[in-house]
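Q: Please find one structure pasted underneath; my questions will follow.
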Amino acid sequence: MAIRYWLVVQPLDRARELVAAGCVQVPWGARSPLDQMRVSDGVILYSPRVTNPDGEPLRAAVASGRVVSEEPRQWGNAARSPWRHDVDWLPDARVSSIRPLRDMLELTRDDRFWGERLRPGWVEISARDFDILTDAVRRPSPDPSGFMLRTLRESGYPDVMPSGSRDDRPRLIR
C-alpha cells in the first residue's frame with residue numbers, strides 16, 4: 001500500500017502536548033480519520049491559533065512525523081477517551097509560518113480559501129507538500145565550530161575557506 005501524507009489541525013498548545021506524548025489525534029478525537037492512516041504515513045501538525053477557541057492567530061506548521069502504530073487506540077479516561085495513533089515526531093521542530101510557503105504548496109497555491117478545506121481538522125496532502133512542510137519545521141544544522149574548522153584547515157582538508165574571507169569567519173564551502 002502506498003504511503004499517504006496528512007495535515008492535522010490542532011492549536012499550538014494541543015500540538016505540543018501531542019508531540020510530547022508521541023501521538024497524533026484529529027480534533028474531537030474521532031477514530032474514522034485515523035483508520036485511514038497506516039504505518040509510515042507522514043503527518044504534519046498545523047496550528048491556525050496558539051490556543052482554541054479564541055487564541056492569537058498563528059497559521060503555522062509546527063511538527064512533522066511518521067505514523068508508527070498499526071491501529072489507532074483510545075487514550076484517556078471514561079469521561080474523555082480520544083483516538084490516537086503513535087507517531088515518531090521530528091525532534092526539536094520549529095514553528096514555521098505558512099505565509100512564505102503558500103505559493104509553493106499545492107494545498108494553498110491559487111486558492112484564497114484554502115483554510116476552508118481544513119475545517120474537518122485533517123486533510124490528505126501531497127508528498128511534495130509534506131516534504132516542503134517537513135523542511136520548514138526542521139531545525140537547521142549548526143555551523144561547524146571554530147575549533148573544528150581550524151583542525152580541518154590544518155589537516156589540509158580542501159573544502160575549508162581560509163580565515164579572513166567573506167565576513168572573517170571560517171566556513172565550509174557548500
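Chain identifiers are assigned as A, B, and so on, following the order in which chains appear in the C-alpha cells; residues are numbered from 1 within each chain, and ligands are numbered from 1 in order of appearance.
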DSSP on the backbone, alpha helix (DSSP H) only: what residues of chain A does that give? Format it as JSON, numbers by chain.
A: {"A": [12, 13, 14, 15, 16, 17, 18, 19, 20, 21, 32, 33, 34, 35, 127, 128, 129, 130, 131, 132, 133, 134, 135, 136, 137, 146, 147, 148, 149, 150, 151, 152, 153, 154]}
Q: What's around A:Arg16 at 9 Å? Count only C-alpha atoms, leave out sequence neighbours fewer than 5 positions away in its own chain, and write the answer as a ChimeraX atom specification.
A: /A:11,21,62-63
Q: For A:Pro33, list every protein, DNA or RNA residue within 10 Å, evaluated using only C-alpha atoms, and leave out those in the same chain fewer than 5 positions away; present the list as a short mmCIF file (atom, residue, chain, number, x, y, z; two decimals) with N, CA, C and O atoms, in the first residue's frame.
A:
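Okay, this is what ended up in selection.cif:
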```cif
data_model
loop_
_atom_site.label_atom_id
_atom_site.label_comp_id
_atom_site.auth_asym_id
_atom_site.auth_seq_id
_atom_site.Cartn_x
_atom_site.Cartn_y
_atom_site.Cartn_z
N TRP A 6 -0.64 13.43 5.59
CA TRP A 6 -1.78 14.06 6.24
C TRP A 6 -1.38 15.36 6.91
O TRP A 6 -0.31 15.46 7.49
N VAL A 8 -2.88 17.62 9.91
CA VAL A 8 -3.84 17.57 11.01
C VAL A 8 -3.84 18.93 11.69
O VAL A 8 -2.77 19.47 12.01
N GLN A 25 -3.74 13.09 17.06
CA GLN A 25 -5.18 12.99 17.29
C GLN A 25 -5.84 14.04 16.43
O GLN A 25 -5.37 15.18 16.36
N VAL A 26 -6.90 13.68 15.75
CA VAL A 26 -7.64 14.69 14.99
C VAL A 26 -8.56 15.42 15.97
O VAL A 26 -8.84 14.93 17.06
N PRO A 72 -5.17 2.66 15.47
CA PRO A 72 -5.38 3.71 16.47
C PRO A 72 -5.86 3.08 17.78
O PRO A 72 -6.41 1.98 17.79
N TRP A 83 -9.27 8.99 20.21
CA TRP A 83 -8.49 8.01 19.45
C TRP A 83 -7.20 8.67 18.99
O TRP A 83 -7.21 9.83 18.54
N PRO A 120 -12.64 20.23 8.63
CA PRO A 120 -12.84 18.94 9.31
C PRO A 120 -11.73 18.61 10.31
O PRO A 120 -11.91 17.77 11.18
N GLY A 121 -10.57 19.26 10.18
CA GLY A 121 -9.48 19.03 11.12
C GLY A 121 -8.36 18.17 10.58
O GLY A 121 -7.35 17.98 11.24
N TRP A 122 -8.51 17.66 9.38
CA TRP A 122 -7.46 16.86 8.74
C TRP A 122 -7.73 16.89 7.24
O TRP A 122 -8.85 17.05 6.79
N VAL A 123 -6.67 16.74 6.48
CA VAL A 123 -6.78 16.68 5.03
C VAL A 123 -5.57 15.92 4.51
O VAL A 123 -4.49 15.99 5.08
#
```
Q: Nearest to A:Leu133 among A:Glu106, A:Asp13, A:Asp54, A:Glu116, with distances taken over only C-alpha atoms: which residue is it?
A: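 Of A:Glu106, A:Asp13, A:Asp54, A:Glu116, the one nearest A:Leu133, counting only C-alpha atoms, is A:Glu106.
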Q: Which residues come within 12 Å of stretch 137-140 of chain A, counting only C-alpha atoms, excluding same-chain residues fewer than 5 positions away, as a list of chain:residue names?
A: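 My reading of the contact set: A:Ile44, A:Leu45, A:Tyr46, A:Ala60, A:Ala61, A:Val62, A:Ala63, A:Ser64, A:Gly65, A:Trp89, A:Leu90, A:Pro91, A:Asp92, A:Ala93, A:Arg94, A:Val95, A:Ser96, A:Ser97, A:Ile98, A:Leu101, A:Phe130, A:Asp131, A:Ile132.
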Q: Excluding A:Glu71 and any residue of its chain fewer than 3 positions from it, enumerate the residues within 9 Å of it, using only C-alpha atoms, and give them as a PyMOL selection string.
A: chain A and resi 34-35+37-39+84-86
Q: Since we have the selection now, will you write its residues out, keeping N, CA and C atoms, as a PDB file, in the first residue's frame?
A:
```
ATOM      1  N   LEU A  34      -8.356   8.444  11.571  1.00  0.00           N
ATOM      2  CA  LEU A  34      -7.156   7.690  11.943  1.00  0.00           C
ATOM      3  C   LEU A  34      -7.154   6.297  11.338  1.00  0.00           C
ATOM      4  N   ASP A  35      -8.324   5.747  11.042  1.00  0.00           N
ATOM      5  CA  ASP A  35      -8.400   4.438  10.388  1.00  0.00           C
ATOM      6  C   ASP A  35      -7.796   4.473   8.988  1.00  0.00           C
ATOM      7  N   MET A  37      -5.043   6.165   8.265  1.00  0.00           N
ATOM      8  CA  MET A  37      -3.587   6.283   8.406  1.00  0.00           C
ATOM      9  C   MET A  37      -2.956   4.914   8.631  1.00  0.00           C
ATOM     10  N   ARG A  38      -1.797   4.712   8.022  1.00  0.00           N
ATOM     11  CA  ARG A  38      -1.063   3.463   8.127  1.00  0.00           C
ATOM     12  C   ARG A  38       0.362   3.731   8.614  1.00  0.00           C
ATOM     13  N   VAL A  39       1.054   2.681   9.002  1.00  0.00           N
ATOM     14  CA  VAL A  39       2.454   2.799   9.398  1.00  0.00           C
ATOM     15  C   VAL A  39       3.246   3.440   8.263  1.00  0.00           C
ATOM     16  N   ARG A  84      -6.095   7.925  19.060  1.00  0.00           N
ATOM     17  CA  ARG A  84      -4.784   8.445  18.674  1.00  0.00           C
ATOM     18  C   ARG A  84      -3.950   7.362  18.001  1.00  0.00           C
ATOM     19  N   HIS A  85      -3.042   7.826  17.143  1.00  0.00           N
ATOM     20  CA  HIS A  85      -2.021   6.974  16.544  1.00  0.00           C
ATOM     21  C   HIS A  85      -0.680   7.379  17.141  1.00  0.00           C
ATOM     22  N   ASP A  86       0.205   6.414  17.340  1.00  0.00           N
ATOM     23  CA  ASP A  86       1.567   6.731  17.775  1.00  0.00           C
ATOM     24  C   ASP A  86       2.343   7.284  16.587  1.00  0.00           C
TER      25      ASP A  86
END
```
Q: So the first atom is atom CA of A:Glu17 and the second is atom CA of A:Ala2; what is the distance between them in Å, to one decimal place?
A: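 Separation of atom CA of A:Glu17 and atom CA of A:Ala2: 28.9 Å.
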Q: Restricting the calculation to only C-alpha atoms, which member of A:Ser126, A:Ser141, A:Ser40, A:Gln10 is positioned closest to A:Pro53?
A: A:Gln10
